[in-house]
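Report on the following structure.
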Amino acid sequence: MQAIIESINWSIVAPFIVIQGILMIVAILDWAKADDFRGSRWLWFFIIVVINTIGPIIYFIFGRRR
Amino acid sequence: MSLLTVNNLTKTYDGKTAVNNVSFEFEHGKCIALIGPNGAGKTTILRTLAGLLKPSEGTIHISDTSLNDDVRKYIGYLPQYPVFHSWMTGMEFLVYSGQLALLSKKQAKDRAQVLLEKVGIADARNMRIGKYSGGMKQRLGIAQAIIHKPKLLMLDEPVSSLDPIGRREVLTLMEELKDEMSILFSTHILSDADEVSDALLLLHQGNIVESGSMTALRQKYQTSTIALEFESDLPSYQAKVNALPSISGSYLERNVLQVNATDIAIARQELLATAAKENWELVNFTLNRASLEDMFMKVVNS
Amino acid sequence: MQWMTLFNKEMVENWRNKKWIWVPLVIILLAILDPISNYYLPQIIEAVGGLPDGAIINLPEFAPAEVVMMSLSQLSSLGVLVIVLMAMGTIASERKSGVSELILVKPVSYRNYITAKWAALLALVWAALFVGLLASWYYTNILYGDLSFKSFLLIFIFYGLWLTFVISIIIFFNTLVKTPGLVAFLSILTIMAMSIMTQIFGHILEWSPNNLSSYIYEMVIAGEVSSDLVATSVITIVLSLILVFASIFTFKAKELAS
């Protein structure tokens, strides 16, 4: 296991993880300011935080009424 | 010279006739109220005039416009439940509306500032519309409708969703706007129409059943009644009243005798003279003028 | 100018609702997903328990052109789905909510209204595609082998035409119905139906927009733009324009209130 983790070049994989992080942070910032949710406010919070990558995307598409 | 001429306007949806063969003219500088119960066709007429619906039959003409001209330039319209881009601020929405109505950005900004003051939401100019109250949205709605100084302003139930204070303010605003443009508005509240309009169009089931100025309509449908109260023995007094030549009929409403007459002035004279002569035990004598509601009921039922 | 007013409004709206942030990020993720995961496939197999004894790991070596195709194929499936869902309400939801009652009683030209929305979506999607493919190109170069910058640019331009066509389909259905979900459904259905038709009638529909990806692949391999690719591109552009004109036409014929 140790060997596997060492064999991965983290500078290659890092951008991938960083982008997922940015998506989640932007979604949470948007969520914090919003007041026009489709459905429950906290349900959306869990969707954003728990479901990796897909959660924030679903939130951006369906989360708000506008 | 009429500003707006509507000829034989008919609008049918799915086989149902919402507006049936409606014709009317509208002069510059007038304020006309479209009156009628819900479902009478008021909104359909306004939407058709605004170009949101296409007439099934009939024509709409606005003066000083050629065939190729876009009549929307001369029209301002406020729907009954205006919906805005809630992510914009009030100021942004007005500037956007103004620019869409072909004002330059600078013109639109100047005009928006003026109107925000005028409708009384200047303090909220930089607030997101999503946070506006119903009354503020209604005011913003009026402001966006007049941003391009239209010749004809159309308002669909402009005050019906407002509280008494908001209602008063909007009616006052309409009174002010009458100097600058013609106004056509719909309402189901007759006292509002009475207050600001010069003329009424009464709608019922898609038809204009009556129209004219307030005074003319009052005269035409003036069917005042006289309410009489006596100390006792109502039935015998009723017989005496009915015997008078000027009285066309009467009915008892609890302990009040309601008297109808063809000519109210003669009836009043005759009643009072007889009462004095025969020493009636008269407690109360009230002359009731017909309310708009009565008038409306009468028109609809005839 | 009215067109610029409408276009600017779309740009500001897409900025405030964060589309300009999340759409490019999602496209980047989709574009680099396969290049990275295929590179690490041996380690991934090992990590989930490895292969039974005696099994030989025989993974193909990918050529740069194949890696690019993996990115494009992710974009053509999940990428298109995301774009459809992102744009499904651009006109439909304005009509459904009633905002259009305020906007379209102003002397707004329907042509301006539609083309401004179309252009704003194209700007967003082309920008997202650019960064997405740039990331994919970068990973291809460091992990698999050389792919020229010129190839990258050509891939970007030709594949951009496919997404332009997708946006045009979405705009068209936006003017036809006013339920965003239905717009998405009809758009996906159309794209899938076209793809099936292209497979079945491949010999007749040589220049179907759905073939853009395979001609792009040939281009990367051969290092030159084939006449089939040019013809398919022209067809794609023409079809997109027809859809936009049809959108304007349907919108004019529609009653805007109900």
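In the structure tokens, chains take letters A, B, ... by order of appearance, with residues numbered from 1 within each chain and ligands from 1 in the order shown.
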Taking only C-alpha atoms into account, which residues of chain C are within 9 Å of chain B, as an MDAnalysis selection string? chainID C and resid 1:3 5:6 9 13 16:17 94 97:108 254:258
Written file, previous selection with C-alpha atoms, as a compact mmCIF listing (two decimals), in the first residue's frame:
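part_26.txt, written as the output of this step:
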# COMPACT_ATOMS: atom_id res chain seq x y z
CA MET C 1 -27.38 48.77 -28.76
CA GLN C 2 -30.15 46.45 -27.69
CA TRP C 3 -28.30 43.25 -28.58
CA THR C 5 -27.84 44.99 -23.48
CA LEU C 6 -29.36 41.53 -23.75
CA LYS C 9 -27.45 40.74 -19.02
CA GLU C 13 -26.48 36.51 -14.86
CA ARG C 16 -23.71 35.75 -10.59
CA ASN C 17 -25.24 32.30 -10.67
CA GLU C 94 -38.12 33.11 -18.16
CA SER C 97 -41.84 32.38 -14.33
CA GLY C 98 -43.38 35.32 -16.16
CA VAL C 99 -40.31 37.59 -16.33
CA SER C 100 -40.66 37.56 -20.09
CA GLU C 101 -43.99 39.35 -19.69
CA LEU C 102 -42.04 42.39 -18.54
CA ILE C 103 -39.16 41.99 -20.97
CA LEU C 104 -41.04 41.25 -24.17
CA VAL C 105 -43.57 44.06 -23.89
CA LYS C 106 -40.61 46.35 -24.31
CA PRO C 107 -39.71 46.90 -27.96
CA VAL C 108 -37.30 43.93 -27.85
CA LYS C 254 -45.77 31.90 -30.20
CA GLU C 255 -48.05 33.72 -27.86
CA LEU C 256 -45.88 34.86 -25.04
CA ALA C 257 -48.47 34.81 -22.31
CA SER C 258 -50.91 32.07 -21.59
Rounded to one decimal place, report the atom CA of Ile36 of chain C-atom CA of Val225 of chain C distance in Å.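 Calculated distance between atom CA of Ile36 of chain C and atom CA of Val225 of chain C is 27.8 Å.
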Expressed in Å to a single decimal, how great is the separation between atom CA of Val23 of chain C and atom CA of Ala128 of chain C? 6.4 Å
Give the residues of chain C that lie within 9 Å of chain A; count only C-alpha atoms, and format the answer as a PDB file with N, CA and C atoms, in the first residue's frame.
ATOM      1  N   ASN C  17     -24.780  33.619 -11.105  1.00  0.00           N
ATOM      2  CA  ASN C  17     -25.235  32.300 -10.666  1.00  0.00           C
ATOM      3  C   ASN C  17     -24.113  31.264 -10.762  1.00  0.00           C
ATOM      4  N   LYS C  18     -22.886  31.743 -10.897  1.00  0.00           N
ATOM      5  CA  LYS C  18     -21.647  30.942 -10.801  1.00  0.00           C
ATOM      6  C   LYS C  18     -21.430  30.001 -11.982  1.00  0.00           C
ATOM      7  N   LYS C  19     -22.226  30.128 -13.044  1.00  0.00           N
ATOM      8  CA  LYS C  19     -21.990  29.231 -14.178  1.00  0.00           C
ATOM      9  C   LYS C  19     -20.595  29.421 -14.749  1.00  0.00           C
ATOM     10  N   ILE C  21     -18.050  29.855 -13.204  1.00  0.00           N
ATOM     11  CA  ILE C  21     -17.063  29.127 -12.394  1.00  0.00           C
ATOM     12  C   ILE C  21     -17.260  27.625 -12.555  1.00  0.00           C
ATOM     13  N   TRP C  22     -18.482  27.168 -12.304  1.00  0.00           N
ATOM     14  CA  TRP C  22     -18.629  25.709 -12.219  1.00  0.00           C
ATOM     15  C   TRP C  22     -18.601  24.993 -13.564  1.00  0.00           C
ATOM     16  N   VAL C  23     -19.129  25.609 -14.609  1.00  0.00           N
ATOM     17  CA  VAL C  23     -19.137  24.896 -15.897  1.00  0.00           C
ATOM     18  C   VAL C  23     -17.707  24.625 -16.388  1.00  0.00           C
ATOM     19  N   LEU C  25     -15.019  24.331 -14.598  1.00  0.00           N
ATOM     20  CA  LEU C  25     -14.398  23.351 -13.704  1.00  0.00           C
ATOM     21  C   LEU C  25     -14.877  21.936 -14.019  1.00  0.00           C
ATOM     22  N   VAL C  26     -16.179  21.804 -14.244  1.00  0.00           N
ATOM     23  CA  VAL C  26     -16.718  20.473 -14.546  1.00  0.00           C
ATOM     24  C   VAL C  26     -16.150  19.954 -15.868  1.00  0.00           C
ATOM     25  N   ILE C  28     -13.287  20.742 -17.176  1.00  0.00           N
ATOM     26  CA  ILE C  28     -11.888  20.340 -16.938  1.00  0.00           C
ATOM     27  C   ILE C  28     -11.848  18.943 -16.313  1.00  0.00           C
ATOM     28  N   LEU C  29     -12.664  18.739 -15.283  1.00  0.00           N
ATOM     29  CA  LEU C  29     -12.674  17.437 -14.610  1.00  0.00           C
ATOM     30  C   LEU C  29     -12.970  16.317 -15.596  1.00  0.00           C
ATOM     31  N   ILE C  32      -9.988  15.641 -17.978  1.00  0.00           N
ATOM     32  CA  ILE C  32      -8.757  15.022 -17.467  1.00  0.00           C
ATOM     33  C   ILE C  32      -9.013  13.713 -16.742  1.00  0.00           C
ATOM     34  N   LEU C  33     -10.294  13.383 -16.556  1.00  0.00           N
ATOM     35  CA  LEU C  33     -10.623  12.175 -15.798  1.00  0.00           C
ATOM     36  C   LEU C  33      -9.970  10.923 -16.396  1.00  0.00           C
ATOM     37  N   ILE C  36      -5.930  10.784 -16.618  1.00  0.00           N
ATOM     38  CA  ILE C  36      -5.290  10.471 -15.341  1.00  0.00           C
ATOM     39  C   ILE C  36      -5.601   9.057 -14.892  1.00  0.00           C
ATOM     40  N   TYR C  40      -3.009   5.748 -14.227  1.00  0.00           N
ATOM     41  CA  TYR C  40      -2.827   5.094 -12.937  1.00  0.00           C
ATOM     42  C   TYR C  40      -3.581   3.774 -12.833  1.00  0.00           C
ATOM     43  N   GLN C  43      -1.940   0.886 -10.864  1.00  0.00           N
ATOM     44  CA  GLN C  43      -1.942   1.113  -9.415  1.00  0.00           C
ATOM     45  C   GLN C  43      -3.337   0.948  -8.836  1.00  0.00           C
ATOM     46  N   ILE C  44      -4.329   1.400  -9.605  1.00  0.00           N
ATOM     47  CA  ILE C  44      -5.706   1.303  -9.115  1.00  0.00           C
ATOM     48  C   ILE C  44      -6.097  -0.162  -8.973  1.00  0.00           C
ATOM     49  N   GLU C  46      -4.130  -2.669  -8.503  1.00  0.00           N
ATOM     50  CA  GLU C  46      -3.360  -3.167  -7.369  1.00  0.00           C
ATOM     51  C   GLU C  46      -4.059  -2.791  -6.055  1.00  0.00           C
ATOM     52  N   ALA C  47      -4.496  -1.534  -5.984  1.00  0.00           N
ATOM     53  CA  ALA C  47      -5.070  -1.005  -4.748  1.00  0.00           C
ATOM     54  C   ALA C  47      -6.372  -1.702  -4.385  1.00  0.00           C
ATOM     55  N   VAL C  82     -24.388  17.684 -18.968  1.00  0.00           N
ATOM     56  CA  VAL C  82     -24.252  18.839 -18.077  1.00  0.00           C
ATOM     57  C   VAL C  82     -24.632  20.131 -18.803  1.00  0.00           C
ATOM     58  N   LEU C  85     -28.421  20.338 -19.187  1.00  0.00           N
ATOM     59  CA  LEU C  85     -29.096  20.679 -17.933  1.00  0.00           C
ATOM     60  C   LEU C  85     -28.811  22.127 -17.532  1.00  0.00           C
ATOM     61  N   MET C  86     -27.599  22.594 -17.828  1.00  0.00           N
ATOM     62  CA  MET C  86     -27.224  23.950 -17.472  1.00  0.00           C
ATOM     63  C   MET C  86     -28.015  24.980 -18.290  1.00  0.00           C
ATOM     64  N   TYR C 139      -1.958  17.135 -19.747  1.00  0.00           N
ATOM     65  CA  TYR C 139      -1.760  15.798 -19.190  1.00  0.00           C
ATOM     66  C   TYR C 139      -1.310  14.810 -20.255  1.00  0.00           C
TER      67      TYR C 139
END
Taking only C-alpha atoms into account, which of B:Arg168, B:Arg128, B:Arg254, B:His204 comes nearest chain A?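 Checking each candidate against chain A, we get B:Arg128 as the closest.
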From chain A, collect each residue whose DSSP state is alpha helix (DSSP H) and return the set as a compact mmCIF listing (two decimals) with N, CA and C atoms, in the first residue's frame.
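So states-v7.txt came out as:
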# COMPACT_ATOMS: atom_id res chain seq x y z
N GLN A 2 1.83 1.24 0.93
CA GLN A 2 2.77 2.35 1.03
C GLN A 2 3.42 2.61 -0.34
N ALA A 3 3.82 1.52 -0.95
CA ALA A 3 4.51 1.64 -2.24
C ALA A 3 3.61 2.25 -3.30
N ILE A 4 2.34 1.87 -3.23
CA ILE A 4 1.39 2.39 -4.23
C ILE A 4 1.25 3.90 -4.08
N ILE A 5 1.04 4.30 -2.82
CA ILE A 5 0.85 5.73 -2.59
C ILE A 5 2.09 6.51 -3.01
N GLU A 6 3.26 5.92 -2.74
CA GLU A 6 4.49 6.62 -3.14
C GLU A 6 4.67 6.65 -4.65
N SER A 7 4.11 5.62 -5.31
CA SER A 7 4.31 5.57 -6.75
C SER A 7 3.45 6.61 -7.49
N TRP A 10 1.96 12.97 -6.95
CA TRP A 10 0.87 13.80 -6.44
C TRP A 10 0.72 15.12 -7.19
N SER A 11 1.78 15.59 -7.80
CA SER A 11 1.63 16.84 -8.56
C SER A 11 0.72 16.63 -9.76
N ILE A 12 0.56 15.38 -10.17
CA ILE A 12 -0.35 15.10 -11.29
C ILE A 12 -1.79 15.00 -10.81
N VAL A 13 -1.97 14.35 -9.69
CA VAL A 13 -3.33 14.13 -9.21
C VAL A 13 -3.88 15.34 -8.47
N ALA A 14 -2.98 16.16 -7.91
CA ALA A 14 -3.42 17.29 -7.09
C ALA A 14 -4.44 18.21 -7.78
N PRO A 15 -4.20 18.64 -9.02
CA PRO A 15 -5.17 19.55 -9.65
C PRO A 15 -6.58 18.98 -9.64
N PHE A 16 -6.67 17.70 -9.83
CA PHE A 16 -7.96 17.03 -9.85
C PHE A 16 -8.69 17.22 -8.51
N ILE A 17 -7.92 17.00 -7.45
CA ILE A 17 -8.52 17.13 -6.11
C ILE A 17 -8.81 18.60 -5.80
N VAL A 18 -7.91 19.48 -6.22
CA VAL A 18 -8.11 20.92 -5.98
C VAL A 18 -9.40 21.40 -6.65
N ILE A 19 -9.63 20.98 -7.89
CA ILE A 19 -10.83 21.42 -8.62
C ILE A 19 -12.09 20.93 -7.91
N GLN A 20 -12.04 19.67 -7.45
CA GLN A 20 -13.20 19.17 -6.71
C GLN A 20 -13.45 20.01 -5.47
N GLY A 21 -12.34 20.41 -4.82
CA GLY A 21 -12.46 21.26 -3.62
C GLY A 21 -13.06 22.61 -3.95
N ILE A 22 -12.57 23.23 -5.04
CA ILE A 22 -13.10 24.55 -5.41
C ILE A 22 -14.59 24.46 -5.69
N LEU A 23 -14.99 23.39 -6.43
CA LEU A 23 -16.42 23.22 -6.74
C LEU A 23 -17.24 23.21 -5.45
N MET A 24 -16.74 22.45 -4.48
CA MET A 24 -17.51 22.34 -3.23
C MET A 24 -17.54 23.68 -2.49
N ILE A 25 -16.39 24.36 -2.46
CA ILE A 25 -16.34 25.64 -1.72
C ILE A 25 -17.27 26.67 -2.38
N VAL A 26 -17.20 26.76 -3.71
CA VAL A 26 -18.06 27.74 -4.40
C VAL A 26 -19.54 27.41 -4.14
N ALA A 27 -19.85 26.10 -4.17
CA ALA A 27 -21.24 25.70 -3.92
C ALA A 27 -21.66 26.09 -2.50
N ILE A 28 -20.77 25.87 -1.53
CA ILE A 28 -21.13 26.21 -0.15
C ILE A 28 -21.29 27.72 0.02
N LEU A 29 -20.40 28.49 -0.62
CA LEU A 29 -20.53 29.95 -0.53
C LEU A 29 -21.86 30.40 -1.11
N ASP A 30 -22.22 29.83 -2.25
CA ASP A 30 -23.50 30.18 -2.88
C ASP A 30 -24.66 29.77 -1.96
N TRP A 31 -24.54 28.58 -1.40
CA TRP A 31 -25.57 28.04 -0.52
C TRP A 31 -25.78 28.95 0.69
N ALA A 32 -24.66 29.44 1.24
CA ALA A 32 -24.73 30.24 2.47
C ALA A 32 -25.51 31.54 2.24
N LYS A 33 -25.41 32.09 1.02
CA LYS A 33 -26.07 33.37 0.75
C LYS A 33 -27.49 33.20 0.24
N ARG A 41 -33.16 23.53 2.80
CA ARG A 41 -31.85 24.16 2.83
C ARG A 41 -30.75 23.18 3.26
N TRP A 42 -31.02 22.44 4.35
CA TRP A 42 -29.97 21.57 4.90
C TRP A 42 -29.77 20.32 4.06
N LEU A 43 -30.81 19.87 3.42
CA LEU A 43 -30.65 18.73 2.52
C LEU A 43 -29.62 19.09 1.45
N TRP A 44 -29.72 20.31 0.92
CA TRP A 44 -28.77 20.73 -0.10
C TRP A 44 -27.36 20.79 0.45
N PHE A 45 -27.23 21.20 1.71
CA PHE A 45 -25.90 21.24 2.32
C PHE A 45 -25.28 19.84 2.32
N PHE A 46 -26.09 18.86 2.72
CA PHE A 46 -25.56 17.50 2.75
C PHE A 46 -25.22 16.99 1.36
N ILE A 47 -26.08 17.33 0.41
CA ILE A 47 -25.80 16.89 -0.97
C ILE A 47 -24.46 17.46 -1.43
N ILE A 48 -24.24 18.75 -1.15
CA ILE A 48 -22.99 19.39 -1.59
C ILE A 48 -21.78 18.75 -0.92
N VAL A 49 -21.89 18.52 0.38
CA VAL A 49 -20.72 18.07 1.14
C VAL A 49 -20.47 16.57 0.99
N VAL A 50 -21.54 15.78 0.99
CA VAL A 50 -21.37 14.33 1.05
C VAL A 50 -21.07 13.72 -0.32
N ILE A 54 -20.31 15.35 -7.83
CA ILE A 54 -21.66 15.33 -8.39
C ILE A 54 -22.58 16.22 -7.54
N GLY A 55 -22.38 16.18 -6.21
CA GLY A 55 -23.24 16.94 -5.30
C GLY A 55 -23.28 18.43 -5.65
N PRO A 56 -22.10 19.09 -5.67
CA PRO A 56 -22.10 20.51 -6.04
C PRO A 56 -22.73 20.76 -7.41
N ILE A 57 -22.47 19.87 -8.38
CA ILE A 57 -23.04 20.09 -9.72
C ILE A 57 -24.56 20.03 -9.67
N ILE A 58 -25.08 19.00 -8.98
CA ILE A 58 -26.54 18.89 -8.86
C ILE A 58 -27.10 20.13 -8.16
N TYR A 59 -26.37 20.60 -7.14
CA TYR A 59 -26.83 21.81 -6.46
C TYR A 59 -26.88 23.00 -7.43
N PHE A 60 -25.82 23.19 -8.21
CA PHE A 60 -25.80 24.33 -9.13
C PHE A 60 -26.94 24.25 -10.15
N ILE A 61 -27.25 23.05 -10.60
CA ILE A 61 -28.29 22.92 -11.63
C ILE A 61 -29.69 23.02 -11.03
N PHE A 62 -29.91 22.31 -9.92
CA PHE A 62 -31.29 22.20 -9.43
C PHE A 62 -31.55 22.90 -8.10
Mind checking which residues fall within 6 Å of segment 181-194 of chain C, counting only C-alpha atoms, ignoring those fewer than 5 positions away in the same chain, and posting them as a PyMOL selection string? chain C and resi 84+88+170+173-174
Got time to write the residues from that selection, N, CA and C atoms, as a compact mmCIF listing (two decimals), in the first residue's frame?
# COMPACT_ATOMS: atom_id res chain seq x y z
N VAL C 84 -26.63 20.47 -21.37
CA VAL C 84 -28.08 20.51 -21.60
C VAL C 84 -28.80 20.94 -20.32
N MET C 88 -31.02 24.38 -20.00
CA MET C 88 -32.39 23.99 -20.35
C MET C 88 -33.42 25.08 -20.07
N ILE C 170 -30.60 23.08 -28.02
CA ILE C 170 -31.20 23.45 -26.73
C ILE C 170 -32.00 24.75 -26.88
N PHE C 173 -35.37 24.06 -28.66
CA PHE C 173 -36.42 23.48 -27.81
C PHE C 173 -36.87 24.46 -26.73
N ASN C 174 -35.99 25.37 -26.35
CA ASN C 174 -36.39 26.41 -25.40
C ASN C 174 -37.49 27.31 -25.95
Give the strand (DSSP E) residues of segment 18-133 of chain B, as assigned by DSSP on the backbone, as a ChimeraX atom specification. /B:18-27,31-35,57-62,75-78
Go ahead and dump the residues you just picked, N, CA and C atoms, as a JSON list (two decimals), in the first residue's frame.
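The result, stored in selection_9.json:
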[["chain", "number", "residue", "atom", "x", "y", "z"],
["B", 18, "ALA", "N", -62.80, 34.33, -24.53],
["B", 18, "ALA", "CA", -62.44, 35.11, -23.35],
["B", 18, "ALA", "C", -62.85, 36.56, -23.54],
["B", 19, "VAL", "N", -62.71, 37.02, -24.79],
["B", 19, "VAL", "CA", -63.10, 38.39, -25.11],
["B", 19, "VAL", "C", -63.93, 38.32, -26.38],
["B", 20, "ASN", "N", -65.09, 38.95, -26.35],
["B", 20, "ASN", "CA", -66.02, 38.78, -27.44],
["B", 20, "ASN", "C", -66.35, 40.10, -28.11],
["B", 21, "ASN", "N", -65.79, 40.31, -29.29],
["B", 21, "ASN", "CA", -66.20, 41.42, -30.13],
["B", 21, "ASN", "C", -66.20, 42.76, -29.40],
["B", 22, "VAL", "N", -65.07, 43.08, -28.83],
["B", 22, "VAL", "CA", -64.97, 44.30, -28.03],
["B", 22, "VAL", "C", -64.43, 45.45, -28.88],
["B", 23, "SER", "N", -65.10, 46.58, -28.85],
["B", 23, "SER", "CA", -64.62, 47.76, -29.55],
["B", 23, "SER", "C", -64.65, 48.93, -28.60],
["B", 24, "PHE", "N", -63.60, 49.70, -28.61],
["B", 24, "PHE", "CA", -63.65, 50.97, -27.88],
["B", 24, "PHE", "C", -62.56, 51.90, -28.37],
["B", 25, "GLU", "N", -62.73, 53.17, -28.04],
["B", 25, "GLU", "CA", -61.73, 54.15, -28.41],
["B", 25, "GLU", "C", -61.23, 54.82, -27.15],
["B", 26, "PHE", "N", -60.09, 55.42, -27.29],
["B", 26, "PHE", "CA", -59.42, 55.92, -26.12],
["B", 26, "PHE", "C", -58.74, 57.21, -26.51],
["B", 27, "GLU", "N", -59.09, 58.31, -25.85],
["B", 27, "GLU", "CA", -58.48, 59.58, -26.23],
["B", 27, "GLU", "C", -57.22, 59.87, -25.44],
["B", 31, "CYS", "N", -57.95, 58.57, -18.46],
["B", 31, "CYS", "CA", -57.70, 57.41, -17.62],
["B", 31, "CYS", "C", -58.96, 56.57, -17.63],
["B", 32, "ILE", "N", -58.85, 55.37, -18.16],
["B", 32, "ILE", "CA", -60.02, 54.52, -18.28],
["B", 32, "ILE", "C", -59.84, 53.27, -17.43],
["B", 33, "ALA", "N", -60.92, 52.89, -16.77],
["B", 33, "ALA", "CA", -60.88, 51.69, -15.95],
["B", 33, "ALA", "C", -61.66, 50.57, -16.62],
["B", 34, "LEU", "N", -61.05, 49.41, -16.67],
["B", 34, "LEU", "CA", -61.76, 48.21, -17.12],
["B", 34, "LEU", "C", -62.28, 47.53, -15.87],
["B", 35, "ILE", "N", -63.57, 47.42, -15.79],
["B", 35, "ILE", "CA", -64.15, 46.88, -14.57],
["B", 35, "ILE", "C", -64.88, 45.59, -14.87],
["B", 57, "GLU", "N", -59.58, 37.75, -33.64],
["B", 57, "GLU", "CA", -60.17, 38.59, -34.67],
["B", 57, "GLU", "C", -60.11, 40.02, -34.21],
["B", 58, "GLY", "N", -60.23, 40.96, -35.17],
["B", 58, "GLY", "CA", -60.28, 42.36, -34.82],
["B", 58, "GLY", "C", -58.93, 43.03, -34.92],
["B", 59, "THR", "N", -58.96, 44.35, -34.74],
["B", 59, "THR", "CA", -57.73, 45.12, -34.91],
["B", 59, "THR", "C", -57.52, 46.06, -33.73],
["B", 60, "ILE", "N", -56.26, 46.39, -33.54],
["B", 60, "ILE", "CA", -55.87, 47.35, -32.52],
["B", 60, "ILE", "C", -55.02, 48.38, -33.22],
["B", 61, "HIS", "N", -55.35, 49.63, -33.04],
["B", 61, "HIS", "CA", -54.53, 50.65, -33.69],
["B", 61, "HIS", "C", -54.15, 51.73, -32.70],
["B", 62, "ILE", "N", -52.88, 52.08, -32.72],
["B", 62, "ILE", "CA", -52.42, 53.19, -31.89],
["B", 62, "ILE", "C", -52.05, 54.34, -32.81],
["B", 75, "ILE", "N", -46.04, 51.77, -25.42],
["B", 75, "ILE", "CA", -46.87, 51.13, -24.41],
["B", 75, "ILE", "C", -46.03, 50.80, -23.18],
["B", 76, "GLY", "N", -46.61, 51.04, -22.03],
["B", 76, "GLY", "CA", -46.01, 50.54, -20.79],
["B", 76, "GLY", "C", -47.00, 49.57, -20.18],
["B", 77, "TYR", "N", -46.50, 48.47, -19.63],
["B", 77, "TYR", "CA", -47.43, 47.44, -19.15],
["B", 77, "TYR", "C", -46.95, 46.87, -17.84],
["B", 78, "LEU", "N", -47.89, 46.75, -16.91],
["B", 78, "LEU", "CA", -47.60, 46.09, -15.63],
["B", 78, "LEU", "C", -48.57, 44.95, -15.44]]
Near segment 195-207 of chain C, counting only C-alpha atoms, which residues have an atom at most 12 Å away, once you skip same-chain residues fewer than 5 positions from it, shown as a list of chain:residue names?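 Listed by chain and then number, they are C:Ser76, C:Ser77, C:Ile188, C:Leu189, C:Thr190, C:Leu212, C:Ser213, C:Ser214, C:Tyr215, C:Ser226, C:Ser227, C:Asp228, C:Leu229, C:Val230, C:Ala231, C:Thr232, C:Ser233, C:Val234, C:Ile235, C:Thr236, C:Ile237, C:Val238, C:Leu239.
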Can you write out the residues you just picked, keeping N, CA and C atoms, as a CSV table (one decimal), in the first residue's frame?
chain,number,residue,atom,x,y,z
C,76,SER,N,-18.6,14.3,-24.8
C,76,SER,CA,-19.8,14.0,-25.6
C,76,SER,C,-20.9,13.3,-24.9
C,77,SER,N,-20.6,12.6,-23.8
C,77,SER,CA,-21.6,12.0,-23.0
C,77,SER,C,-22.0,12.9,-21.8
C,188,ILE,N,-31.8,15.9,-25.4
C,188,ILE,CA,-31.1,14.7,-25.3
C,188,ILE,C,-31.6,13.7,-26.3
C,189,LEU,N,-33.0,13.6,-26.4
C,189,LEU,CA,-33.6,12.6,-27.3
C,189,LEU,C,-33.1,12.9,-28.7
C,190,THR,N,-33.1,14.2,-29.1
C,190,THR,CA,-32.7,14.5,-30.5
C,190,THR,C,-31.3,14.1,-30.7
C,212,LEU,N,-18.3,14.3,-36.2
C,212,LEU,CA,-17.2,15.2,-36.0
C,212,LEU,C,-16.0,14.6,-35.2
C,213,SER,N,-16.4,13.9,-34.1
C,213,SER,CA,-15.3,13.3,-33.2
C,213,SER,C,-14.4,12.4,-34.0
C,214,SER,N,-15.0,11.5,-34.8
C,214,SER,CA,-14.2,10.5,-35.5
C,214,SER,C,-13.3,11.1,-36.5
C,215,TYR,N,-13.8,12.2,-37.2
C,215,TYR,CA,-12.9,12.9,-38.1
C,215,TYR,C,-11.8,13.6,-37.4
C,226,SER,N,-8.9,16.6,-43.0
C,226,SER,CA,-9.5,16.0,-44.2
C,226,SER,C,-10.6,16.8,-44.8
C,227,SER,N,-10.9,16.4,-46.0
C,227,SER,CA,-12.1,17.2,-46.7
C,227,SER,C,-13.4,16.7,-46.0
C,228,ASP,N,-13.4,15.5,-45.5
C,228,ASP,CA,-14.6,15.0,-44.8
C,228,ASP,C,-14.8,15.9,-43.5
C,229,LEU,N,-13.8,16.2,-42.8
C,229,LEU,CA,-13.9,17.0,-41.6
C,229,LEU,C,-14.4,18.4,-42.0
C,230,VAL,N,-13.9,19.0,-43.0
C,230,VAL,CA,-14.3,20.3,-43.5
C,230,VAL,C,-15.8,20.2,-43.8
C,231,ALA,N,-16.2,19.2,-44.6
C,231,ALA,CA,-17.6,19.1,-45.0
C,231,ALA,C,-18.5,19.0,-43.8
C,232,THR,N,-18.1,18.1,-42.9
C,232,THR,CA,-18.9,17.9,-41.7
C,232,THR,C,-19.1,19.2,-40.9
C,233,SER,N,-18.0,19.9,-40.8
C,233,SER,CA,-18.0,21.2,-40.1
C,233,SER,C,-19.0,22.1,-40.7
C,234,VAL,N,-18.9,22.2,-42.1
C,234,VAL,CA,-19.8,23.2,-42.8
C,234,VAL,C,-21.3,22.8,-42.5
C,235,ILE,N,-21.5,21.4,-42.6
C,235,ILE,CA,-22.9,21.0,-42.4
C,235,ILE,C,-23.3,21.3,-40.9
C,236,THR,N,-22.4,21.1,-40.0
C,236,THR,CA,-22.7,21.4,-38.6
C,236,THR,C,-23.1,22.9,-38.4
C,237,ILE,N,-22.3,23.8,-39.0
C,237,ILE,CA,-22.5,25.2,-38.9
C,237,ILE,C,-23.9,25.6,-39.5
C,238,VAL,N,-24.1,25.0,-40.7
C,238,VAL,CA,-25.4,25.3,-41.4
C,238,VAL,C,-26.6,24.9,-40.6
C,239,LEU,N,-26.5,23.6,-40.1
C,239,LEU,CA,-27.6,23.1,-39.3
C,239,LEU,C,-27.8,24.0,-38.0
Skip Lys131 of chain B itself and residues of its chain fewer than 4 positions away, then list as a list in words all residues within 12 Å of it, counting only C-alpha atoms.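 After dropping sequence-adjacent residues, the list is Ala34, Asp35 and Asp36 of chain A; Phe84, His85, Ser86, Trp87, Met88, Thr89, Gly90, Ala124, Arg125, Asn126, Met127, Gly135, Met136 and Lys137 of chain B.
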